[in-house]
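S.K.: I am attaching a structure below and will ask some questions about it afterwards.
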Amino acid sequence: MIFAVGVAIAALALAEIAIFTSRFSILAPWLILLVFLWQAFTMSLTKVSLGILNVYPQDAVFIILAMVGIVRLVMRNKFTYVHILWLFLGFLIMFSFARGVAIHGFESAGVELREFFYFFAGALYFMNFPTGSQHLKRLTLAWLCVAGALFLLALFRWAAGGLSLGIPQPWLETGHGGLRVLNAAQALFLFQAFLVSLFLKFVPDSSRLWRSFSSVLLPVVVLLQHRTVWVLALVATMLAAFQQGKVRRRVAYILTSAVVAGAIFGLVVFGENISKIPDSLSASVDEAINKSDSTFIWRVESWSALLAERSSFGYSDYLFGKPFGSGYVRKVWDFERTETPHNYYIQTFLRLGVFGLIALLCTYAILISRLAQSASYKASGYFGGRLVYILLMTQLIFFITYSPSYEQGIVLGLAMALCMKRDEDGVGDQDEQARIA
């Protein structure tokens, strides 16, 4: 009885928030980003027990967004190939979950479902996000404000570690000599904020403060020592620089500013321990490239071990994947491991099969090909087409060694919304390119 009452109250609360979120679109990104920031500050989010269910804040947020997203999509009554592919991916997710509940139980299947569902639901909601200038401006402000908070959090953790303030070590770092104080998803978010700030150069009424933010974000991203983020940062910066002359000139200026800012950060935050920074960076590079037991080599071995299990796959497993709750048990270097594959493409194949992997890759291929056109929609506005195209590229590289964090659904869904808006407005490539030039 208590469980039923609790579920009923929760359902009513979710319905009310869903209605409010539907009316005020900017509430959704703030909900996601504040939960993301909350998790960065606390390291892990508190769960609420509802009888047999353990509910996390992300569960509530993305169930709401999925409800609103589906309603908006039905009311819009207009579907593109990307919508169909993404809805098909959602069908595969729920099909795998249903199979998993039948075989492994609700709890085991639900644990593996969460990561896929959050990303899917976020993109589902934002594919119908308003793309007017004011809405995108508010989204930009939300993204940069949260990035600013993460930036200050990183500085504080570095300073607290250097000054030995007695703060619990797990809260201060995730490895690599005290420099890796934010995880890979948070470092990716900071670099994406760097790109957002960089492209504000094209927005005449944008804040000078936020345009200058890119100069201080880049050294922080480097010092966080996530090598995957280093690689995607290099690729994305080159893409941005080669696409437009204004960005190329700005990148040269920012790189110079970043070196100066990095030196200042080192002196102020690390003090007499500043000499440890180049040693730590050098060790990080050497560990990735020169050591036979590097984390990258370990990941490759892990991927091979997981894919070697294909011999146990039936035809349905190849096409639809093994159901959620099946686990990722494999032996790597004589040790049994159970964590996720650290590769979203392999993870998608294992849980959603060939169909799921094709749907994911085709979604990105269509969006990138559309947004990479010479005159992608609103290329010079807040979260313009060319910026979102580069943000999608950062995700694709990130997926090689990590799974997507839930806030990345904002970027993917927004890419879908921009492409649909471009089709509806019928923007001419030649005219838009002439205007930008």
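Residues are named by chain letter and number: chains run A, B, ... in the order of the structure tokens, numbers start at 1 in each chain, and ligands are numbered from 1 in the order shown.
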Which residues come within 10 Å of Leu306 (chain A), counting only C-alpha atoms, excluding same-chain residues fewer than 4 positions away, as a list of chain:residue names?
M.R.: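 Close residues of Leu306 (chain A): A:Val300, A:Glu301, A:Ser302, A:Arg310, A:Tyr328, A:Val329, A:Arg330, A:Lys331, A:Val332, A:Pro341, A:Ile346, A:Gln347, A:Leu350.
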S.K.: Using only C-alpha atoms, which residues sit within 7 Å of region 385-401 of chain A once same-chain residues fewer than 6 positions away are excluded, as a list in words?
M.R.: Gln192, Phe199, Thr228, Leu232, Ala236, His342, Asn343, Tyr344, Tyr345, Ile368, Leu371, Ala372, Ser376, Tyr377, Lys378, Ala379, Val411, Leu412, Ala415 and Leu418 of chain A
S.K.: Check the smallest atom-to-atom distance from each of A:Phe120, A:Phe36, A:Pro323, A:Leu239 to Ser108 (chain A) using only C-alpha atoms, then report the winner.
M.R.: A:Pro323
S.K.: Near region 74-77 of chain A, counting only C-alpha atoms, which residues have an atom at most 9 Å away, once you skip same-chain residues fewer than 4 positions from it, shown as a ChimeraX atom specification?
M.R.: /A:69-70,128
S.K.: With N, CA and C atoms retained, write the just-selected residues as an mmCIF file, in the first residue's frame.
M.R.:
```
data_model
loop_
_atom_site.group_PDB
_atom_site.id
_atom_site.type_symbol
_atom_site.label_atom_id
_atom_site.label_comp_id
_atom_site.auth_asym_id
_atom_site.auth_seq_id
_atom_site.Cartn_x
_atom_site.Cartn_y
_atom_site.Cartn_z
ATOM 1 N N GLY A 69 9.025 14.747 -24.975
ATOM 2 C CA GLY A 69 9.569 14.580 -26.324
ATOM 3 C C GLY A 69 8.649 13.784 -27.229
ATOM 4 N N ILE A 70 8.082 12.710 -26.700
ATOM 5 C CA ILE A 70 7.174 11.882 -27.498
ATOM 6 C C ILE A 70 5.915 12.666 -27.855
ATOM 7 N N ASN A 128 13.117 18.548 -30.798
ATOM 8 C CA ASN A 128 12.028 19.507 -31.006
ATOM 9 C C ASN A 128 12.237 20.776 -30.192
#
```
S.K.: In terms of the shortest atom-to-atom distance over only C-alpha atoms, which of A:Leu113, A:Leu89, A:Leu27, A:Ala154 is closest to Asp59 (chain A)?
M.R.: A:Leu113
S.K.: To one decimal place in Å, what is the distance between CA of Ala417 (chain A) and CA of Phe129 (chain A)?
M.R.: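 Going from CA of Ala417 (chain A) over to CA of Phe129 (chain A), I get 6.3 Å.
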S.K.: Select from region 91-221 of chain A everything DSSP, run on the backbone, classes as helix (DSSP H, G or I), then give the selection as number ranges by chain.
M.R.: A: 91-104, 106-126, 133-163, 169-172, 184-202, 208-221
S.K.: Under the rule that only C-alpha atoms are counted, which of A:Val68, A:Ala241, A:Leu352, A:Leu307 is the nearest residue to Met127 (chain A)?
M.R.: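 Smallest distance to Met127 (chain A) is found for A:Val68.
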S.K.: Can you tell me, as number ranges by chain, what residues are no more than 6 Å from region 91-102 of chain A when counting only C-alpha atoms, ignoring any on the same chain fewer than 3 positions away?
M.R.: A: 88, 105-106, 109, 323-325
S.K.: Next, write the just-selected residues to a file, as a CSV table (one decimal), in the first residue's frame, keeping all heavy atoms as the atom set.
M.R.:
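Result written to part.csv:
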```
chain,number,residue,atom,x,y,z
A,88,PHE,N,13.6,4.2,-33.9
A,88,PHE,CA,13.9,2.8,-34.1
A,88,PHE,C,15.0,2.4,-33.0
A,88,PHE,O,14.9,1.3,-32.4
A,88,PHE,CB,14.5,2.5,-35.5
A,88,PHE,CG,14.9,1.1,-35.7
A,88,PHE,CD1,14.0,0.1,-35.6
A,88,PHE,CD2,16.2,0.8,-36.1
A,88,PHE,CE1,14.4,-1.2,-35.8
A,88,PHE,CE2,16.6,-0.5,-36.3
A,88,PHE,CZ,15.7,-1.5,-36.1
A,105,GLY,N,15.9,-10.2,-14.7
A,105,GLY,CA,15.2,-9.4,-13.6
A,105,GLY,C,15.3,-7.9,-13.8
A,105,GLY,O,16.1,-7.4,-14.6
A,106,PHE,N,14.4,-7.2,-13.2
A,106,PHE,CA,14.2,-5.8,-13.4
A,106,PHE,C,15.4,-5.0,-13.0
A,106,PHE,O,15.8,-4.1,-13.7
A,106,PHE,CB,13.0,-5.3,-12.6
A,106,PHE,CG,12.6,-3.9,-12.9
A,106,PHE,CD1,11.8,-3.6,-14.0
A,106,PHE,CD2,13.1,-2.9,-12.1
A,106,PHE,CE1,11.4,-2.3,-14.2
A,106,PHE,CE2,12.7,-1.5,-12.4
A,106,PHE,CZ,11.9,-1.2,-13.4
A,109,ALA,N,18.6,-5.5,-15.4
A,109,ALA,CA,18.3,-4.9,-16.7
A,109,ALA,C,18.2,-3.4,-16.6
A,109,ALA,O,18.7,-2.7,-17.5
A,109,ALA,CB,17.0,-5.5,-17.3
A,323,PRO,N,20.4,-9.1,-24.3
A,323,PRO,CA,19.5,-8.2,-23.5
A,323,PRO,C,20.2,-7.5,-22.4
A,323,PRO,O,21.3,-7.9,-21.9
A,323,PRO,CB,18.4,-9.2,-22.9
A,323,PRO,CG,19.1,-10.5,-23.0
A,323,PRO,CD,20.0,-10.5,-24.1
A,324,PHE,N,19.7,-6.3,-21.9
A,324,PHE,CA,20.2,-5.6,-20.8
A,324,PHE,C,20.2,-6.5,-19.6
A,324,PHE,O,19.3,-7.3,-19.3
A,324,PHE,CB,19.4,-4.4,-20.5
A,324,PHE,CG,19.6,-3.3,-21.5
A,324,PHE,CD1,18.5,-2.8,-22.2
A,324,PHE,CD2,20.8,-2.7,-21.7
A,324,PHE,CE1,18.7,-1.7,-23.1
A,324,PHE,CE2,21.0,-1.7,-22.6
A,324,PHE,CZ,19.9,-1.2,-23.3
A,325,GLY,N,21.3,-6.4,-18.8
A,325,GLY,CA,21.5,-7.3,-17.6
A,325,GLY,C,22.4,-8.4,-17.9
A,325,GLY,O,22.7,-9.2,-16.9
```
S.K.: Determine the nearest neighbour of Gln58 (chain A) from the options A:Glu107, A:Glu115, A:Asp317, A:Glu339, counting only C-alpha atoms.
M.R.: A:Glu115
S.K.: Please provide as number ranges by chain all residues within 10 Å of Lys137 (chain A), with the sequence filter that same-chain residues fewer than 2 positions apart are discarded (counting only C-alpha atoms).
M.R.: A: 131-135, 139-143, 203, 206, 381-383
